[in-house]
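With mmCIF, C-alpha atoms (C1' of nucleotides) inside, this is protein.cif:
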```cif
data_target
#
loop_
_atom_site.label_atom_id
_atom_site.label_comp_id
_atom_site.auth_asym_id
_atom_site.auth_seq_id
_atom_site.Cartn_x
_atom_site.Cartn_y
_atom_site.Cartn_z
CA MET W 1 11.69 21.30 2.25
CA VAL W 2 9.64 19.62 -0.39
CA ILE W 3 10.89 16.12 -0.75
CA THR W 4 8.49 14.51 -3.16
CA THR W 5 8.76 16.52 -6.34
CA PRO W 6 6.68 16.03 -9.47
CA ARG W 7 8.40 14.81 -12.58
CA HIS W 8 9.99 17.44 -14.82
CA THR W 9 8.55 17.64 -18.27
CA GLY W 10 11.33 19.83 -19.56
CA HIS W 11 9.27 22.88 -20.43
CA GLU W 12 6.56 24.84 -18.67
CA HIS W 13 2.94 25.01 -19.72
CA PRO W 14 0.67 27.98 -19.15
CA ARG W 15 -1.85 25.55 -17.62
CA PRO W 16 -1.59 24.32 -14.06
CA ARG W 17 1.34 21.98 -13.75
CA SER W 18 -0.87 19.14 -12.50
CA ALA W 19 -2.94 19.31 -15.67
CA ALA W 20 0.22 18.86 -17.73
CA VAL W 21 1.17 15.85 -15.65
CA VAL W 22 -2.28 14.37 -16.18
CA ASP W 23 -2.13 14.98 -19.92
CA ASP W 24 1.29 13.40 -20.03
CA ILE W 25 0.12 10.28 -18.26
CA VAL W 26 -3.05 10.02 -20.31
CA ALA W 27 -0.94 10.28 -23.45
CA GLN W 28 1.22 7.39 -22.27
CA LEU W 29 -1.94 5.36 -21.74
CA THR W 30 -3.61 6.17 -25.05
CA ASP W 31 -0.33 5.31 -26.78
CA ARG W 32 -0.73 1.86 -25.36
CA GLY W 33 -4.32 1.56 -26.50
CA TYR W 34 -6.10 2.52 -23.29
CA ARG W 35 -8.99 4.92 -23.55
CA ASP W 36 -9.16 8.47 -22.35
CA THR W 37 -12.12 8.48 -19.97
CA GLU W 38 -13.42 10.93 -17.45
CA PRO W 39 -13.16 8.68 -14.37
CA ARG W 40 -9.65 7.66 -15.38
CA ARG W 41 -8.58 11.28 -15.66
CA LEU W 42 -10.08 11.99 -12.26
CA VAL W 43 -8.03 9.17 -10.76
CA ILE W 44 -4.83 10.34 -12.41
CA SER W 45 -5.51 13.89 -11.38
CA ALA W 46 -6.03 12.82 -7.77
CA VAL W 47 -2.82 10.78 -7.88
CA ALA W 48 -0.89 13.78 -9.19
CA ALA W 49 -2.34 15.97 -6.46
CA GLN W 50 -0.98 13.82 -3.63
CA GLY W 51 1.95 15.34 -1.82
CA ARG W 52 3.30 12.08 -0.46
CA PRO W 53 2.79 8.35 -0.66
CA PHE W 54 -0.91 7.56 -0.37
CA THR W 55 -3.04 4.47 0.08
CA ALA W 56 -5.65 3.19 -2.33
CA GLU W 57 -8.30 3.91 0.26
CA GLU W 58 -7.15 7.51 0.63
CA LEU W 59 -7.49 7.85 -3.09
CA CYS W 60 -11.00 6.41 -3.00
CA ALA W 61 -11.93 8.84 -0.24
CA SER W 62 -10.67 11.78 -2.26
CA LEU W 63 -12.74 10.64 -5.24
CA PRO W 64 -16.28 10.16 -3.93
CA CYS W 65 -17.77 10.35 -7.41
CA VAL W 66 -15.61 7.56 -8.80
CA GLY W 67 -16.42 3.96 -8.00
CA ARG W 68 -14.07 2.05 -5.76
CA ALA W 69 -13.41 -0.60 -8.37
CA THR W 70 -12.53 2.05 -10.90
CA VAL W 71 -10.07 3.69 -8.54
CA TYR W 72 -8.40 0.37 -7.85
CA ARG W 73 -8.32 -0.52 -11.54
CA GLY W 74 -6.92 2.86 -12.44
CA LEU W 75 -4.23 2.58 -9.83
CA ARG W 76 -3.30 -0.91 -10.97
CA LEU W 77 -3.09 0.28 -14.56
CA LEU W 78 -0.78 3.12 -13.56
CA VAL W 79 1.46 0.71 -11.68
CA GLU W 80 1.54 -1.73 -14.59
CA THR W 81 2.54 1.05 -16.98
CA ASP W 82 5.17 2.35 -14.55
CA GLN W 83 3.50 5.71 -14.06
CA VAL W 84 3.09 5.03 -10.38
CA CYS W 85 5.27 2.99 -8.07
CA ARG W 86 4.42 1.06 -4.97
CA VAL W 87 5.90 1.98 -1.62
CA LEU W 88 5.94 -0.46 1.24
CA LEU W 89 5.93 0.91 4.77
CA GLU W 90 7.54 -0.79 7.74
CA ASP W 91 4.22 -2.20 8.89
CA ARG W 92 3.74 -3.63 5.41
CA GLU W 93 1.10 -1.07 4.51
CA LEU W 94 1.06 -0.49 0.78
CA ARG W 95 1.19 3.04 -0.54
CA TYR W 96 1.66 4.58 -3.96
CA GLN W 97 3.28 7.60 -5.48
CA LEU W 98 4.02 9.08 -8.87
CA SER W 99 6.96 7.24 -10.31
CA HIS W 100 10.18 9.13 -10.86
CA GLN W 101 11.21 6.86 -13.69
CA GLY W 102 13.26 3.72 -13.67
CA HIS W 103 14.14 1.38 -10.88
CA HIS W 104 14.97 3.13 -7.65
CA HIS W 105 14.51 2.88 -3.92
CA HIS W 106 12.66 4.97 -1.40
CA LEU W 107 13.67 6.81 1.70
CA LEU W 108 10.61 7.06 3.92
CA CYS W 109 10.15 9.32 6.89
CA ALA W 110 8.49 7.44 9.73
CA VAL W 111 7.20 10.67 11.24
CA CYS W 112 5.70 12.76 8.46
CA GLY W 113 5.43 10.13 5.76
CA ALA W 114 7.50 12.06 3.25
CA SER W 115 9.48 10.11 0.73
CA ALA W 116 12.61 10.73 -1.26
CA ASP W 117 14.39 8.67 -3.83
CA LEU W 118 17.63 7.07 -2.82
CA GLU W 119 20.25 8.61 -5.07
CA GLY W 120 23.85 7.69 -5.64
CA CYS W 121 23.43 4.25 -4.20
CA ASP W 122 24.38 1.36 -6.40
CA VAL W 123 23.47 -1.60 -4.26
CA GLU W 124 22.58 -3.60 -7.36
CA GLU W 125 26.09 -4.79 -8.07
CA THR W 126 26.83 -5.54 -4.44
CA LEU W 127 23.69 -7.58 -4.15
CA ARG W 128 24.30 -9.43 -7.39
CA ASP W 129 27.74 -10.44 -6.21
CA ALA W 130 26.58 -11.50 -2.78
CA ALA W 131 23.78 -13.52 -4.35
CA ALA W 132 26.20 -15.18 -6.74
CA ALA W 133 28.37 -16.17 -3.79
CA ALA W 134 25.40 -18.14 -2.46
CA GLY W 135 24.80 -19.73 -5.85
CA PHE W 136 21.87 -17.50 -6.71
CA ARG W 137 21.31 -15.64 -9.94
CA MET W 138 19.64 -12.43 -8.88
CA SER W 139 16.66 -11.34 -10.93
CA GLY W 140 15.24 -8.60 -8.77
CA HIS W 141 15.08 -7.07 -5.33
CA TRP W 142 12.97 -4.93 -3.10
CA LEU W 143 14.50 -2.29 -0.88
CA GLU W 144 12.93 0.37 1.31
CA VAL W 145 14.85 2.52 3.75
CA TYR W 146 13.11 3.97 6.81
CA GLY W 147 14.16 6.87 8.96
CA ARG W 148 13.51 10.51 9.68
CA CYS W 149 13.74 13.30 7.17
CA SER W 150 15.64 16.47 8.08
CA ASP W 151 12.43 18.26 9.06
CA CYS W 152 11.52 15.55 11.52
CA ALA W 153 14.99 14.91 12.90
CA GLU W 154 15.10 15.16 16.69
CA ASP W 155 18.32 15.88 18.50
CA MET N 156 21.61 -28.80 -1.68
CA VAL N 157 19.88 -27.84 1.52
CA ILE N 158 19.67 -24.13 1.66
CA THR N 159 17.57 -23.41 4.69
CA THR N 160 19.41 -24.99 7.60
CA PRO N 161 18.19 -25.14 11.17
CA ARG N 162 20.08 -23.19 13.77
CA HIS N 163 23.09 -24.90 15.32
CA THR N 164 22.85 -25.48 19.05
CA GLY N 165 26.49 -26.32 19.38
CA HIS N 166 26.09 -29.89 20.54
CA GLU N 167 23.99 -32.86 19.40
CA HIS N 168 21.16 -34.39 21.33
CA PRO N 169 20.20 -38.04 21.18
CA ARG N 170 16.62 -36.93 20.49
CA PRO N 171 15.38 -35.88 17.05
CA ARG N 172 16.94 -32.57 16.12
CA SER N 173 13.55 -30.94 15.70
CA ALA N 174 12.66 -31.76 19.29
CA ALA N 175 15.82 -30.01 20.46
CA VAL N 176 14.91 -26.97 18.39
CA VAL N 177 11.44 -26.92 19.90
CA ASP N 178 12.81 -27.25 23.42
CA ASP N 179 15.23 -24.46 22.72
CA ILE N 180 12.52 -22.13 21.52
CA VAL N 181 10.17 -23.05 24.35
CA ALA N 182 12.98 -22.30 26.78
CA GLN N 183 13.43 -18.86 25.26
CA LEU N 184 9.73 -18.24 25.72
CA THR N 185 9.48 -19.47 29.30
CA ASP N 186 12.49 -17.33 30.12
CA ARG N 187 10.41 -14.38 29.07
CA GLY N 188 7.44 -15.44 31.16
CA TYR N 189 5.39 -17.17 28.48
CA ARG N 190 3.84 -20.52 29.37
CA ASP N 191 4.74 -23.90 28.02
CA THR N 192 1.50 -25.14 26.50
CA GLU N 193 0.62 -28.05 24.29
CA PRO N 194 -0.87 -26.03 21.39
CA ARG N 195 2.10 -23.69 21.47
CA ARG N 196 4.53 -26.58 21.26
CA LEU N 197 2.56 -27.97 18.35
CA VAL N 198 2.88 -24.66 16.53
CA ILE N 199 6.60 -24.40 17.20
CA SER N 200 7.08 -27.99 16.16
CA ALA N 201 5.27 -27.37 12.89
CA VAL N 202 7.32 -24.25 12.26
CA ALA N 203 10.53 -26.20 12.85
CA ALA N 204 9.36 -28.90 10.46
CA GLN N 205 8.98 -26.54 7.51
CA GLY N 206 11.69 -26.86 4.92
CA ARG N 207 11.26 -23.42 3.46
CA PRO N 208 9.41 -20.17 4.02
CA PHE N 209 5.77 -20.89 4.75
CA THR N 210 2.57 -18.89 5.05
CA ALA N 211 0.42 -18.60 8.14
CA GLU N 212 -2.34 -20.42 6.30
CA GLU N 213 -0.05 -23.31 5.43
CA LEU N 214 0.81 -23.59 9.07
CA CYS N 215 -2.88 -23.63 10.00
CA ALA N 216 -3.53 -26.36 7.45
CA SER N 217 -0.72 -28.48 8.87
CA LEU N 218 -2.18 -28.11 12.36
CA PRO N 219 -5.85 -29.10 12.07
CA CYS N 220 -6.14 -29.70 15.80
CA VAL N 221 -4.95 -26.22 16.74
CA GLY N 222 -7.28 -23.25 16.41
CA ARG N 223 -6.57 -20.67 13.75
CA ALA N 224 -6.31 -17.88 16.28
CA THR N 225 -3.80 -19.85 18.31
CA VAL N 226 -1.64 -20.53 15.28
CA TYR N 227 -1.64 -16.85 14.37
CA ARG N 228 -0.95 -15.83 17.96
CA GLY N 229 1.87 -18.33 18.26
CA LEU N 230 3.42 -17.14 15.05
CA ARG N 231 3.17 -13.53 16.12
CA LEU N 232 4.79 -14.38 19.44
CA LEU N 233 7.65 -16.11 17.68
CA VAL N 234 8.19 -13.13 15.44
CA GLU N 235 8.09 -10.72 18.38
CA THR N 236 10.68 -12.76 20.23
CA ASP N 237 12.86 -13.05 17.13
CA GLN N 238 12.57 -16.81 16.88
CA VAL N 239 10.97 -16.52 13.48
CA CYS N 240 11.49 -13.92 10.80
CA ARG N 241 9.17 -12.62 8.17
CA VAL N 242 9.93 -13.04 4.50
CA LEU N 243 8.27 -10.94 1.86
CA LEU N 244 7.86 -12.38 -1.62
CA GLU N 245 7.80 -10.33 -4.78
CA ASP N 246 4.01 -10.39 -4.94
CA ARG N 247 3.98 -9.07 -1.36
CA GLU N 248 2.88 -12.41 0.05
CA LEU N 249 4.07 -12.76 3.62
CA ARG N 250 5.91 -15.92 4.64
CA TYR N 251 7.84 -16.98 7.71
CA GLN N 252 10.85 -19.05 8.57
CA LEU N 253 12.98 -19.95 11.55
CA SER N 254 15.23 -17.03 12.28
CA HIS N 255 18.96 -17.44 11.85
CA GLN N 256 19.65 -14.80 14.46
CA GLY N 257 20.26 -11.13 14.05
CA HIS N 258 19.38 -8.80 11.26
CA HIS N 259 19.95 -10.23 7.83
CA HIS N 260 18.46 -10.38 4.37
CA HIS N 261 16.99 -13.17 2.31
CA LEU N 262 17.79 -14.63 -1.04
CA LEU N 263 14.62 -16.18 -2.38
CA CYS N 264 14.32 -18.61 -5.23
CA ALA N 265 11.39 -17.68 -7.43
CA VAL N 266 11.13 -21.25 -8.74
CA CYS N 267 11.37 -23.60 -5.77
CA GLY N 268 10.78 -21.14 -2.97
CA ALA N 269 14.03 -21.95 -1.19
CA SER N 270 15.66 -19.25 0.82
CA ALA N 271 19.19 -18.49 1.88
CA ASP N 272 20.62 -15.76 4.01
CA LEU N 273 22.57 -13.06 2.27
CA GLU N 274 26.08 -13.31 3.68
CA GLY N 275 29.02 -10.99 3.36
CA CYS N 276 26.92 -8.08 2.27
CA ASP N 277 27.15 -4.94 4.31
CA VAL N 278 24.64 -2.71 2.61
CA GLU N 279 23.86 -1.05 5.93
CA GLU N 280 26.70 1.47 5.77
CA THR N 281 26.10 2.24 2.14
CA LEU N 282 22.44 2.86 2.78
CA ARG N 283 23.09 4.96 5.85
CA ASP N 284 25.43 7.20 3.87
CA ALA N 285 23.10 7.51 0.91
CA ALA N 286 20.23 8.34 3.28
CA ALA N 287 22.34 10.96 5.04
CA ALA N 288 23.08 12.55 1.68
CA ALA N 289 19.34 13.11 1.29
CA GLY N 290 19.06 14.51 4.80
CA PHE N 291 17.59 11.35 6.29
CA ARG N 292 18.69 9.64 9.44
CA MET N 293 18.20 5.96 8.68
CA SER N 294 16.53 3.89 11.36
CA GLY N 295 15.79 0.70 9.49
CA HIS N 296 15.36 -0.94 6.14
CA TRP N 297 13.76 -3.86 4.42
CA LEU N 298 15.59 -5.77 1.72
CA GLU N 299 14.71 -8.96 -0.11
CA VAL N 300 16.61 -10.33 -3.09
CA TYR N 301 14.85 -12.52 -5.65
CA GLY N 302 16.37 -14.88 -8.15
CA ARG N 303 17.05 -18.53 -8.87
CA CYS N 304 19.00 -20.86 -6.66
CA SER N 305 21.69 -23.06 -8.20
CA ASP N 306 19.30 -26.02 -8.42
CA CYS N 307 16.81 -24.03 -10.40
CA ALA N 308 19.25 -22.14 -12.59
CA GLU N 309 18.44 -22.46 -16.30
CA ASP N 310 21.04 -21.90 -18.96
"C1'" DG M 311 -24.21 8.44 -36.24
"C1'" DC M 312 -23.20 3.21 -35.52
"C1'" DC M 313 -21.23 -0.34 -33.29
"C1'" DA M 314 -17.85 -3.41 -31.08
"C1'" DG M 315 -15.41 -3.67 -27.49
"C1'" DT M 316 -13.56 -1.17 -23.43
"C1'" DA M 317 -14.62 0.95 -19.13
"C1'" DT M 318 -17.57 1.77 -15.33
"C1'" DG M 319 -19.81 1.09 -10.88
"C1'" DA M 320 -22.88 -1.30 -7.56
"C1'" DT M 321 -22.36 -5.18 -5.21
"C1'" DA M 322 -20.92 -9.73 -3.74
"C1'" DT M 323 -17.11 -12.27 -2.58
"C1'" DT M 324 -12.63 -13.55 -1.17
"C1'" DC M 325 -8.65 -13.49 1.62
"C1'" DG M 326 -5.62 -12.75 5.42
"C1'" DG M 327 -5.72 -11.55 9.75
"C1'" DT M 328 -7.63 -9.67 14.42
"C1'" DA M 329 -11.14 -9.07 18.34
"C1'" DT M 330 -14.30 -11.15 21.41
"C1'" DC M 331 -15.34 -13.97 25.12
"C1'" DA M 332 -16.60 -18.10 27.51
"C1'" DT M 333 -13.85 -22.07 28.83
"C1'" DT M 334 -9.58 -24.45 29.87
"C1'" DT M 335 -4.99 -24.83 31.55
"C1'" DA M 336 -0.32 -23.74 33.49
"C1'" DG M 337 2.27 -23.18 37.19
"C1'" DG M 338 3.19 -20.52 41.62
"C1'" DC M 339 2.08 -21.17 46.31
"C1'" DA M 340 0.28 -22.75 50.66
"C1'" DT B 341 -0.80 -32.21 46.91
"C1'" DG B 342 -4.52 -29.41 45.60
"C1'" DC B 343 -6.05 -24.41 44.96
"C1'" DC B 344 -6.30 -20.20 42.61
"C1'" DT B 345 -5.30 -16.53 39.38
"C1'" DA B 346 -3.78 -15.06 35.30
"C1'" DA B 347 -2.54 -16.66 30.81
"C1'" DA B 348 -3.85 -19.29 26.93
"C1'" DT B 349 -7.12 -21.40 23.96
"C1'" DG B 350 -10.56 -21.89 20.29
"C1'" DA B 351 -15.07 -21.10 18.10
"C1'" DT B 352 -16.78 -17.48 15.96
"C1'" DA B 353 -17.67 -12.89 14.57
"C1'" DC B 354 -15.63 -9.30 12.59
"C1'" DC B 355 -12.65 -6.30 9.83
"C1'" DG B 356 -10.20 -3.98 5.97
"C1'" DA B 357 -8.18 -4.36 1.61
"C1'" DA B 358 -8.71 -5.91 -2.61
"C1'" DT B 359 -10.78 -8.61 -6.57
"C1'" DA B 360 -14.71 -10.82 -9.31
"C1'" DT B 361 -19.13 -10.34 -11.37
"C1'" DC B 362 -22.13 -8.43 -14.58
"C1'" DA B 363 -25.46 -5.31 -16.41
"C1'" DT B 364 -25.00 -0.67 -18.22
"C1'" DA B 365 -22.57 3.34 -20.25
"C1'" DC B 366 -19.13 5.35 -23.00
"C1'" DT B 367 -15.06 5.81 -26.38
"C1'" DG B 368 -13.44 6.25 -30.51
"C1'" DG B 369 -12.72 4.06 -35.12
"C1'" DC B 370 -15.49 3.48 -39.10
#
```
Would you give me this structure, written as structure tokens?
Amino acid sequence: MVITTPRHTGHEHPRPRSAAVVDDIVAQLTDRGYRDTEPRRLVISAVAAQGRPFTAEELCASLPCVGRATVYRGLRLLVETDQVCRVLLEDRELRYQLSHQGHHHHLLCAVCGASADLEGCDVEETLRDAAAAAGFRMSGHWLEVYGRCSDCAED
Amino acid sequence: MVITTPRHTGHEHPRPRSAAVVDDIVAQLTDRGYRDTEPRRLVISAVAAQGRPFTAEELCASLPCVGRATVYRGLRLLVETDQVCRVLLEDRELRYQLSHQGHHHHLLCAVCGASADLEGCDVEETLRDAAAAAGFRMSGHWLEVYGRCSDCAED
DNA sequence: GCCAGTATGATATTCGGTATCATTTAGGCA
DNA sequence: TGCCTAAATGATACCGAATATCATACTGGC
């Protein structure tokens, strides 16, 4: 069961799917005035190749020919432009993964590290109301759910 | 409006309330076999004196006569024994505060830093169901809600 | 093909936190 | 009460993740 699935672009290219994803992301960046550079493409390509949430260091390791600073900058840029989202593990380790658009929450498998997006869960309203009851006006929230995916379930 | 309130012990002591809190926590520790030491009491006392979520570094700064390592160790011990809980800000900065018992979530004011506990909000069941729908067996979760407290509300 | 400004990468630095280890101290016990 | 062992302390070294610096290289508009 593949849990982390790449974003759908709506139509298939003859080129490898990852290349299309990279082109798509680069296009988003150039639209915003960022340049299309070789190291940047390498970073994006490596991000797209990850099967599950990854750390910045893992990304650096998979890109020996790209400078550390460049990898970190690239990653930060992708987060800022919402191409990549941050995932926080239980031990507070920070990981990243391709963003599946919009605000959402993650289900994280503690065993294999797989992630899924939490669907059909509208906690927003509940939280807003509970916050209001305490006199708070909610502006945002962070939610991660930890557990075991079906592949790693033990009985 | 005082938002972060110290735990109620059920009856009032003639001594300063903070001293009672410290004694209470020290008692919990000695019950578990940990020793009652001067530096440890100083750390606990400083923790109890904080009005809102604080960082480990702030605690160190407020305890110049206690070694850094000891402050960190004391804090870790308090977290492990559930006397203190960890609070994660939006920028991922880690803060701490006296625990108000049991599992709960925080409302955090982005302006003044005050915190309140999220009451009357049973997201647990909702999350467990949504996780199950994705084939996950939920084992835990992390939730923080950010906003403005009533004192800092702007209109 | 030129050029201004962006991006890169080697490296130093910062920051938060942990490991080490010699010394001190708590507290159980005779 | 004083002794003794294990726990605790604190100065310091270390560590990993991430950012700042800055000279150099490259992009892409003209």
Interface list for chain W, partner chain B, 8 Å threshold, only C-alpha atoms (C1' of nucleotides), as a short mmCIF file (atom, residue, chain, number, x, y, z; two decimals) with C-alpha atoms, keeping the file's coordinate frame:
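Resulting contents of selection.cif:
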```
data_model
loop_
_atom_site.label_atom_id
_atom_site.label_comp_id
_atom_site.auth_asym_id
_atom_site.auth_seq_id
_atom_site.Cartn_x
_atom_site.Cartn_y
_atom_site.Cartn_z
CA ARG W 35 -8.99 4.92 -23.55
CA ASP W 36 -9.16 8.47 -22.35
CA THR W 37 -12.12 8.48 -19.97
#
```
Output the residue selection produced by the PyMOL selection byres ((chain N and resi 279-282) around 10) on the file above, formatted as a PyMOL selection string.
(chain W and resi 107+118-123+144-145) or (chain N and resi 276-278+283-288+293+295-296)
**Prompt:** Got a sec: who's within 12 Å of W:Leu42, counting only C-alpha atoms (C1' of nucleotides), leaving out chain neighbours fewer than 4 positions off, as a ChimeraX atom specification?
**Reply:** /W:18-19,22-23,25-26,36-38,46-49,59-60,62-67,70-71,74-75
Residue hits in chain M, query chain W, radius 8 Å, all atoms listed in the file, as a JSON list (two decimals) with C-alpha atoms (C1' of nucleotides), in the frame of the given file:
```
[["chain", "number", "residue", "atom", "x", "y", "z"],
["M", 316, "DT", "C1'", -13.56, -1.17, -23.43],
["M", 317, "DA", "C1'", -14.62, 0.95, -19.13],
["M", 318, "DT", "C1'", -17.57, 1.77, -15.33],
["M", 319, "DG", "C1'", -19.81, 1.09, -10.88]]
```
With only C-alpha atoms as the atoms that count, which of N:Ser294, N:Gln205, N:Gln238, N:Thr185 lies nearest to chain W?
->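 Using only C-alpha atoms, the shortest distance to chain W belongs to N:Ser294.
Reported to one decimal place, the separation of atom CA of N:His259 from atom CA of N:Leu298 is 8.7 Å.
Minimum atom-to-atom distance to chain W, evaluated using only C-alpha atoms, belongs to N:Arg292 out of N:Arg207, N:Arg250, N:His260, N:Arg292.
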Once the PyMOL selection byres ((chain W and resi 110) around 7) has been applied to the shown file, what residues remain in the selection, as a list of chain:residue names?
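Evaluating the PyMOL selection byres ((chain W and resi 110) around 7) on this file yields W:Leu108, W:Cys109, W:Val111, W:Cys112, W:Gly113, W:Tyr146, W:Gly147, W:Arg148.
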Check your understanding: Which one is closest to chain W: N:Arg187, N:Arg196, N:His261, N:His255? Count only C-alpha atoms.
Key ->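 Residue with the minimum atom-to-atom distance to chain W: N:His261.
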Can you tell me how far atom CA of W:Tyr96 sits from atom C1' of M:DA322, in Å to one decimal?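 Result for atom CA of W:Tyr96 versus atom C1' of M:DA322: 26.7 Å, one decimal.
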Between W:Glu93, W:Glu154, W:Val43, W:Cys149, which has the minimum distance to chain N (counting only C-alpha atoms)?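 Among the listed residues, the smallest separation from chain N belongs to W:Cys149.
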Can you complete the atoms of stretch 90-114 of chain W to N, CA and C atoms and list them as a PDB file, in the frame of the given file?
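out_13.pdb, freshly written:
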```
ATOM      1  N   GLU W  90       6.981   0.195   6.815  1.00  0.00           N
ATOM      2  CA  GLU W  90       7.540  -0.790   7.740  1.00  0.00           C
ATOM      3  C   GLU W  90       6.491  -1.774   8.237  1.00  0.00           C
ATOM      4  N   ASP W  91       5.267  -1.299   8.407  1.00  0.00           N
ATOM      5  CA  ASP W  91       4.220  -2.200   8.890  1.00  0.00           C
ATOM      6  C   ASP W  91       3.557  -2.953   7.744  1.00  0.00           C
ATOM      7  N   ARG W  92       4.179  -2.907   6.597  1.00  0.00           N
ATOM      8  CA  ARG W  92       3.740  -3.630   5.410  1.00  0.00           C
ATOM      9  C   ARG W  92       2.539  -2.966   4.736  1.00  0.00           C
ATOM     10  N   GLU W  93       2.179  -1.776   5.184  1.00  0.00           N
ATOM     11  CA  GLU W  93       1.100  -1.070   4.510  1.00  0.00           C
ATOM     12  C   GLU W  93       1.580  -0.659   3.130  1.00  0.00           C
ATOM     13  N   LEU W  94       0.693  -0.804   2.155  1.00  0.00           N
ATOM     14  CA  LEU W  94       1.060  -0.490   0.780  1.00  0.00           C
ATOM     15  C   LEU W  94       0.606   0.908   0.413  1.00  0.00           C
ATOM     16  N   ARG W  95       1.528   1.706  -0.075  1.00  0.00           N
ATOM     17  CA  ARG W  95       1.190   3.040  -0.540  1.00  0.00           C
ATOM     18  C   ARG W  95       1.676   3.211  -1.972  1.00  0.00           C
ATOM     19  N   TYR W  96       1.291   4.314  -2.566  1.00  0.00           N
ATOM     20  CA  TYR W  96       1.660   4.580  -3.960  1.00  0.00           C
ATOM     21  C   TYR W  96       2.187   5.989  -4.095  1.00  0.00           C
ATOM     22  N   GLN W  97       2.918   6.238  -5.155  1.00  0.00           N
ATOM     23  CA  GLN W  97       3.280   7.600  -5.480  1.00  0.00           C
ATOM     24  C   GLN W  97       3.681   7.682  -6.956  1.00  0.00           C
ATOM     25  N   LEU W  98       3.618   8.882  -7.489  1.00  0.00           N
ATOM     26  CA  LEU W  98       4.020   9.080  -8.870  1.00  0.00           C
ATOM     27  C   LEU W  98       5.437   8.551  -9.032  1.00  0.00           C
ATOM     28  N   SER W  99       5.647   7.843 -10.099  1.00  0.00           N
ATOM     29  CA  SER W  99       6.960   7.240 -10.310  1.00  0.00           C
ATOM     30  C   SER W  99       7.941   8.270 -10.852  1.00  0.00           C
ATOM     31  N   HIS W 100       9.150   8.234 -10.342  1.00  0.00           N
ATOM     32  CA  HIS W 100      10.180   9.130 -10.860  1.00  0.00           C
ATOM     33  C   HIS W 100      11.091   8.385 -11.816  1.00  0.00           C
ATOM     34  N   GLN W 101      10.488   7.586 -12.627  1.00  0.00           N
ATOM     35  CA  GLN W 101      11.210   6.860 -13.690  1.00  0.00           C
ATOM     36  C   GLN W 101      12.218   5.814 -13.200  1.00  0.00           C
ATOM     37  N   GLY W 102      12.234   4.734 -13.900  1.00  0.00           N
ATOM     38  CA  GLY W 102      13.260   3.720 -13.670  1.00  0.00           C
ATOM     39  C   GLY W 102      13.201   3.067 -12.302  1.00  0.00           C
ATOM     40  N   HIS W 103      14.064   2.093 -12.139  1.00  0.00           N
ATOM     41  CA  HIS W 103      14.140   1.380 -10.880  1.00  0.00           C
ATOM     42  C   HIS W 103      14.883   2.241  -9.861  1.00  0.00           C
ATOM     43  N   HIS W 104      14.313   2.350  -8.695  1.00  0.00           N
ATOM     44  CA  HIS W 104      14.970   3.130  -7.650  1.00  0.00           C
ATOM     45  C   HIS W 104      14.427   2.687  -6.306  1.00  0.00           C
ATOM     46  N   HIS W 105      14.964   3.244  -5.252  1.00  0.00           N
ATOM     47  CA  HIS W 105      14.510   2.880  -3.920  1.00  0.00           C
ATOM     48  C   HIS W 105      14.034   4.114  -3.179  1.00  0.00           C
ATOM     49  N   HIS W 106      13.244   3.860  -2.133  1.00  0.00           N
ATOM     50  CA  HIS W 106      12.660   4.970  -1.400  1.00  0.00           C
ATOM     51  C   HIS W 106      13.265   5.156  -0.024  1.00  0.00           C
ATOM     52  N   LEU W 107      13.370   6.413   0.340  1.00  0.00           N
ATOM     53  CA  LEU W 107      13.670   6.810   1.700  1.00  0.00           C
ATOM     54  C   LEU W 107      12.340   7.273   2.269  1.00  0.00           C
ATOM     55  N   LEU W 108      11.919   6.704   3.378  1.00  0.00           N
ATOM     56  CA  LEU W 108      10.610   7.060   3.920  1.00  0.00           C
ATOM     57  C   LEU W 108      10.744   7.612   5.322  1.00  0.00           C
ATOM     58  N   CYS W 109      10.111   8.735   5.558  1.00  0.00           N
ATOM     59  CA  CYS W 109      10.150   9.320   6.890  1.00  0.00           C
ATOM     60  C   CYS W 109       9.050   8.697   7.737  1.00  0.00           C
ATOM     61  N   ALA W 110       9.452   8.127   8.865  1.00  0.00           N
ATOM     62  CA  ALA W 110       8.490   7.440   9.730  1.00  0.00           C
ATOM     63  C   ALA W 110       7.587   8.422  10.449  1.00  0.00           C
ATOM     64  N   VAL W 111       7.986   9.688  10.501  1.00  0.00           N
ATOM     65  CA  VAL W 111       7.200  10.670  11.240  1.00  0.00           C
ATOM     66  C   VAL W 111       6.169  11.354  10.353  1.00  0.00           C
ATOM     67  N   CYS W 112       6.628  11.975   9.281  1.00  0.00           N
ATOM     68  CA  CYS W 112       5.700  12.760   8.460  1.00  0.00           C
ATOM     69  C   CYS W 112       5.268  12.030   7.199  1.00  0.00           C
ATOM     70  N   GLY W 113       5.873  10.905   6.916  1.00  0.00           N
ATOM     71  CA  GLY W 113       5.430  10.130   5.760  1.00  0.00           C
ATOM     72  C   GLY W 113       6.031  10.581   4.450  1.00  0.00           C
ATOM     73  N   ALA W 114       6.886  11.576   4.486  1.00  0.00           N
ATOM     74  CA  ALA W 114       7.500  12.060   3.250  1.00  0.00           C
ATOM     75  C   ALA W 114       8.375  10.962   2.642  1.00  0.00           C
TER      76      ALA W 114
END
```
